[in-house]
Amino acid sequence: MYDAVQIIHSYWAYLVVLVVFLATINAVVGHFSKKEYSYKDFRISLFALIVTHIQLLIGLVLYFISPLGFQSIKNNGMSVVMKDSMLRLYAVEHITVMILATVFITIGYSKHKKKLTSAPKLKTLAIFYTIALVLILSRIPWAQWF
């Protein structure tokens with residue numbers, strides 16, 4: 001089961017990065033070009049929210065069944081995990097930062113829906129999705145991606 005969940009999590013991550021990147025670029029370009037908020041903008045930001053939440057759920061399952069996640073802390077202790085950069089990345093940093101990125105996407109999406117005009121909607125999406133994208137890119141285990 002661990003291998004299957006890890007493969008799903010790894011491949012779904014490509015989709016998450018792509019969709020969040022597209023949603024971020026769409027919001028930033030829309031904001032700076034002062035375009036009207038459209039149905040396409042709504043769909044792109046919603047799709048980014050959905051794929052990110054699915055990835056978070058897959059990641060949480062993986063965290064609890066992986067030897068590098070919670071089991072690493074349980075078996076080695078937190079002091080050993082924090083001294084080892086690889087263990088710390090998987091057991092602490094990756095999950096914490098990805099949860100924060102998902103929170104930023106969720107907040108950005110929720111706040112943008114309450115705005116009444118295009119400029120504040122796109123600005124809110126641009127700010128929150130950019131923060132989330134930077135967080136996601138900062139804690140991807142790049143050595144395993146390529």
# chains A, B, ... in the order shown; residues from 1 in each chain; ligands from 1
>>> residues_around(residues="range 113-121 of chain A", least_positions_apart="3", cutoff="10 Å", atoms="only C-alpha atoms", output="ChimeraX atom specification")
/A:27,30-38,41-42,108-110,124-126
>>> select_by_dssp(residues="range 24-142 of chain A", states="alpha helix (DSSP H)", output="count of residues only")
96
>>> residues_around(residues="Leu137 in chain A", least_positions_apart="2", cutoff="12 Å", atoms="only C-alpha atoms", output="mmCIF file with N, CA and C atoms, in the first residue's frame")
data_model
loop_
_atom_site.group_PDB
_atom_site.id
_atom_site.type_symbol
_atom_site.label_atom_id
_atom_site.label_comp_id
_atom_site.auth_asym_id
_atom_site.auth_seq_id
_atom_site.Cartn_x
_atom_site.Cartn_y
_atom_site.Cartn_z
ATOM 1 N N ALA A 13 1.558 15.369 -7.523
ATOM 2 C CA ALA A 13 2.309 16.587 -7.204
ATOM 3 C C ALA A 13 2.640 17.384 -8.460
ATOM 4 N N TYR A 14 2.929 16.702 -9.565
ATOM 5 C CA TYR A 14 3.183 17.412 -10.822
ATOM 6 C C TYR A 14 1.952 18.208 -11.240
ATOM 7 N N VAL A 16 -0.424 19.305 -9.248
ATOM 8 C CA VAL A 16 -0.614 20.400 -8.292
ATOM 9 C C VAL A 16 0.283 21.580 -8.642
ATOM 10 N N VAL A 17 1.554 21.310 -8.876
ATOM 11 C CA VAL A 17 2.474 22.405 -9.193
ATOM 12 C C VAL A 17 2.043 23.108 -10.480
ATOM 13 N N LEU A 18 1.673 22.343 -11.475
ATOM 14 C CA LEU A 18 1.248 22.929 -12.745
ATOM 15 C C LEU A 18 0.001 23.792 -12.568
ATOM 16 N N VAL A 20 -1.410 25.068 -9.764
ATOM 17 C CA VAL A 20 -1.208 26.217 -8.879
ATOM 18 C C VAL A 20 -0.378 27.283 -9.592
ATOM 19 N N PHE A 21 0.619 26.861 -10.368
ATOM 20 C CA PHE A 21 1.412 27.805 -11.151
ATOM 21 C C PHE A 21 0.526 28.555 -12.150
ATOM 22 N N HIS A 94 8.389 19.269 5.191
ATOM 23 C CA HIS A 94 7.538 19.076 4.019
ATOM 24 C C HIS A 94 6.059 19.138 4.389
ATOM 25 N N VAL A 97 4.991 22.784 5.756
ATOM 26 C CA VAL A 97 4.927 23.818 4.720
ATOM 27 C C VAL A 97 3.809 23.533 3.723
ATOM 28 N N MET A 98 3.581 22.269 3.404
ATOM 29 C CA MET A 98 2.501 21.953 2.462
ATOM 30 C C MET A 98 1.124 22.203 3.072
ATOM 31 N N ALA A 101 0.745 25.921 2.774
ATOM 32 C CA ALA A 101 0.431 26.295 1.392
ATOM 33 C C ALA A 101 -1.043 26.034 1.093
ATOM 34 N N THR A 130 0.319 33.178 -4.845
ATOM 35 C CA THR A 130 1.766 33.349 -5.002
ATOM 36 C C THR A 130 2.494 32.872 -3.751
ATOM 37 N N ILE A 131 2.000 33.248 -2.595
ATOM 38 C CA ILE A 131 2.602 32.774 -1.338
ATOM 39 C C ILE A 131 2.573 31.252 -1.289
ATOM 40 N N ALA A 132 1.444 30.665 -1.636
ATOM 41 C CA ALA A 132 1.319 29.202 -1.614
ATOM 42 C C ALA A 132 2.281 28.556 -2.604
ATOM 43 N N LEU A 133 2.394 29.116 -3.794
ATOM 44 C CA LEU A 133 3.303 28.551 -4.797
ATOM 45 C C LEU A 133 4.746 28.600 -4.324
ATOM 46 N N VAL A 134 5.152 29.701 -3.732
ATOM 47 C CA VAL A 134 6.520 29.816 -3.206
ATOM 48 C C VAL A 134 6.750 28.783 -2.106
ATOM 49 N N LEU A 135 5.789 28.622 -1.228
ATOM 50 C CA LEU A 135 5.911 27.621 -0.165
ATOM 51 C C LEU A 135 6.020 26.210 -0.746
ATOM 52 N N ARG A 139 9.637 23.456 -0.589
ATOM 53 C CA ARG A 139 9.757 22.202 0.156
ATOM 54 C C ARG A 139 9.475 20.950 -0.661
ATOM 55 N N ILE A 140 9.550 21.054 -1.961
ATOM 56 C CA ILE A 140 9.476 19.849 -2.790
ATOM 57 C C ILE A 140 10.820 19.131 -2.667
ATOM 58 N N PRO A 141 10.811 17.837 -2.451
ATOM 59 C CA PRO A 141 12.081 17.094 -2.429
ATOM 60 C C PRO A 141 12.604 16.933 -3.865
ATOM 61 N N TRP A 142 13.293 17.953 -4.355
ATOM 62 C CA TRP A 142 13.703 18.027 -5.751
ATOM 63 C C TRP A 142 14.572 16.853 -6.188
ATOM 64 N N TRP A 145 12.420 14.198 -7.534
ATOM 65 C CA TRP A 145 11.566 14.558 -8.668
ATOM 66 C C TRP A 145 12.225 14.284 -9.994
#
>>> closest_residue(among="A:Ile99, A:Gly59, A:Tyr90, A:Met82", to="Gln144 in chain A", atoms="only C-alpha atoms")
A:Tyr90
>>> closest_residue(among="A:Ile50, A:Asn75, A:Gly69, A:Val103", to="Leu87 in chain A", atoms="only C-alpha atoms")
A:Gly69
>>> atom_distance(atom1="CA of Ala91 in chain A", atom2="CA of Phe70 in chain A")
6.2 Å
>>> residues_around(residues="Ser72 in chain A", least_positions_apart="4", cutoff="10 Å", atoms="only C-alpha atoms", output="PDB file with C-alpha atoms, in the first residue's frame")
ATOM      1  CA  TYR A  63       2.797  10.659   6.179  1.00  0.00           C
ATOM      2  CA  PHE A  64       1.321   8.098   8.550  1.00  0.00           C
ATOM      3  CA  SER A  66       5.708   6.087   5.347  1.00  0.00           C
ATOM      4  CA  PRO A  67       8.892   5.163   7.184  1.00  0.00           C
ATOM      5  CA  LEU A  68      10.096   8.728   6.545  1.00  0.00           C
ATOM      6  CA  ASN A  76      14.083   7.703  16.173  1.00  0.00           C
ATOM      7  CA  GLY A  77      12.763  10.452  18.392  1.00  0.00           C
ATOM      8  CA  MET A  78      12.356  14.082  17.477  1.00  0.00           C
ATOM      9  CA  VAL A  80      17.416  12.575  15.962  1.00  0.00           C
ATOM     10  CA  VAL A  81      14.998  13.590  13.217  1.00  0.00           C
ATOM     11  CA  LEU A  87      14.565  13.023   7.941  1.00  0.00           C
ATOM     12  CA  ARG A  88      13.668  16.574   9.002  1.00  0.00           C
ATOM     13  CA  TYR A  90      10.180  14.503   5.198  1.00  0.00           C
ATOM     14  CA  ALA A  91       8.977  14.226   8.794  1.00  0.00           C
TER      15      ALA A  91
END
>>> atom_distance(atom1="CA of Gln6 in chain A", atom2="CA of Leu62 in chain A")
6.5 Å
